[in-house]
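*Asks:* The structure's right below; bear with me while I get my questions together.
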2 protein chains.
Amino acid sequence: MVKLIALYKQPEDQQKFDGHYFGTHAPITEKIPGLKKMEVTKIIGSPMGESEYYLLCEMYYEDKDALNTAMKTDEAKASGKDLMKFAGNLVTLMIGEEVNE
Amino acid sequence: MVKLIALYKQPEDQQKFDGHYFGTHAPITEKIPGLKKMEVTKIIGSPMGESEYYLLCEMYYEDKDALNTAMKTDEAKASGKDLMKFAGNLVTLMIGEEVNE
């Protein structure tokens, strides 16, 4: 499996971020064709205390081709546009491939 | 579930990093009592091209207490000591809690 990973830094206003994320952004993103699974993790700290990060979202696709195809859909474009609008300055995007040792 | 997340930046020498990570670090880490599941993801890029990150490791525990208890074991201390030695300047550690929408 391949996953698109979105790692968000702490927002200025957590309540406002959560409202938009769970109320608008996640529902748009879940509609992207080909998405197999979406896992959202709230960052609650680090072993050293606080963390500069706030939220991690992992979006799983069958393989790299499926992800590339998905990224070209209107649904993905709508998700990307929304992302840049509400968290363009907070998010780091990565593409990852699961390692089977 | 709660997870300890280790996100590594690109190492100078990927082959050397992989050798130590998969040959030494992962086997030490997998021995930590209470660890339910360990997922390793190779970062292969980003939607914009390259990524400054190289690897993501997610270590799952039953809950926050289980993670705290695990972190006090000799196995966790050995893993932490090894981590600081081979990738102290590359790694960001986070503690995350799965969100069930």
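We name chains A, B, ... following the order of the structure tokens; residues begin at 1 in each chain, and ligands are numbered from 1 as shown.
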Report as number ranges by chain: the residues of chain B with a DSSP assignment of alpha helix (DSSP H), based on the backbone of this structure.
*Replies:* B: 14-20, 26-29, 64-71, 74-87
*Asks:* Set the distance at 7 Å and use only C-alpha atoms: which residues neighbour region 45-59 of chain A once local chain neighbours fewer than 4 positions away are removed? I'd like the list as a list in words.
*Replies:* Lys3, Leu4, Ile5, Ala6, Leu7, Tyr8, Lys9, Gln10, Leu35, Lys37, Met38, Glu39, Val40 and Thr41 of chain A; Leu93, Met94 and Ile95 of chain B
*Asks:* Using only C-alpha atoms, determine which residues lie at most 7 Å from Ala70 (chain A), disregarding the query and same-chain residues fewer than 3 positions distant; provide the list as an MDAnalysis selection string.
*Replies:* chainID A and resid 32:34 66:67 73 76
*Asks:* Could you save those same residues with N, CA, C and O atoms as a PDB file, in the first residue's frame?
*Replies:*
```pdb
ATOM      1  N   ILE A  32     -12.535  11.220  -2.249  1.00  0.00           N
ATOM      2  CA  ILE A  32     -11.588  11.017  -3.361  1.00  0.00           C
ATOM      3  C   ILE A  32     -11.642   9.559  -3.838  1.00  0.00           C
ATOM      4  O   ILE A  32     -11.473   8.639  -3.043  1.00  0.00           O
ATOM      5  N   PRO A  33     -11.909   9.349  -5.128  1.00  0.00           N
ATOM      6  CA  PRO A  33     -12.027   7.981  -5.648  1.00  0.00           C
ATOM      7  C   PRO A  33     -10.707   7.223  -5.495  1.00  0.00           C
ATOM      8  O   PRO A  33      -9.626   7.773  -5.742  1.00  0.00           O
ATOM      9  N   GLY A  34     -10.792   5.988  -5.067  1.00  0.00           N
ATOM     10  CA  GLY A  34      -9.586   5.159  -4.936  1.00  0.00           C
ATOM     11  C   GLY A  34      -9.048   5.126  -3.518  1.00  0.00           C
ATOM     12  O   GLY A  34      -8.213   4.284  -3.182  1.00  0.00           O
ATOM     13  N   ALA A  66      -2.528   4.124  -8.433  1.00  0.00           N
ATOM     14  CA  ALA A  66      -3.860   4.466  -7.908  1.00  0.00           C
ATOM     15  C   ALA A  66      -3.839   5.848  -7.271  1.00  0.00           C
ATOM     16  O   ALA A  66      -4.772   6.648  -7.445  1.00  0.00           O
ATOM     17  N   LEU A  67      -2.757   6.162  -6.558  1.00  0.00           N
ATOM     18  CA  LEU A  67      -2.630   7.489  -5.944  1.00  0.00           C
ATOM     19  C   LEU A  67      -2.523   8.567  -7.020  1.00  0.00           C
ATOM     20  O   LEU A  67      -3.194   9.599  -6.950  1.00  0.00           O
ATOM     21  N   THR A  73      -8.320  13.642  -9.941  1.00  0.00           N
ATOM     22  CA  THR A  73      -9.791  13.759  -9.922  1.00  0.00           C
ATOM     23  C   THR A  73     -10.244  15.113  -9.378  1.00  0.00           C
ATOM     24  O   THR A  73      -9.500  15.790  -8.669  1.00  0.00           O
ATOM     25  N   ALA A  76     -10.053  15.281  -5.579  1.00  0.00           N
ATOM     26  CA  ALA A  76      -8.719  15.559  -5.027  1.00  0.00           C
ATOM     27  C   ALA A  76      -8.354  17.027  -5.205  1.00  0.00           C
ATOM     28  O   ALA A  76      -7.743  17.640  -4.322  1.00  0.00           O
TER      29      ALA A  76
END
```
*Asks:* Counting only C-alpha atoms, which residue out of A:Lys16, A:Thr69, A:Glu75, A:Lys64 sits closest to Lys31 (chain A)?
*Replies:*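 Residue with the minimum atom-to-atom distance to Lys31 (chain A): A:Glu75.
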*Asks:* Using Å and a single decimal, report how far CA of Gly23 (chain A) sits from CA of Glu97 (chain B).
*Replies:*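 Atom-to-atom, CA of Glu97 (chain B) and CA of Gly23 (chain A) are spaced 19.2 Å apart.
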*Asks:* Looking at A:Gln14, A:Ser79, A:Asn89, A:Asn100, which one is nearest to chain B, with distances taken over only C-alpha atoms?
*Replies:*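 Closest residue, counting only C-alpha atoms: A:Asn100.
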*Asks:* So which one's closest to chain A, B:Asp82, B:Glu12, B:Glu30, B:Glu98? Using only C-alpha atoms, please.
*Replies:*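 Among B:Asp82, B:Glu12, B:Glu30, B:Glu98, it is B:Glu98 that comes nearest to chain A.
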*Asks:* From the list A:Asn68, A:Gly96, A:Asp74, A:His25, which residue is nearest Met1 (chain A) when using only C-alpha atoms?
*Replies:*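 Smallest separation from Met1 (chain A) among the options: A:Gly96.
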*Asks:* From the set A:Ala87, A:Ile28, A:Ala78, A:Ile44, which residue has the shortest atom-to-atom contact distance to chain B, counting only C-alpha atoms?
*Replies:*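 Nearest to chain B: A:Ile44.
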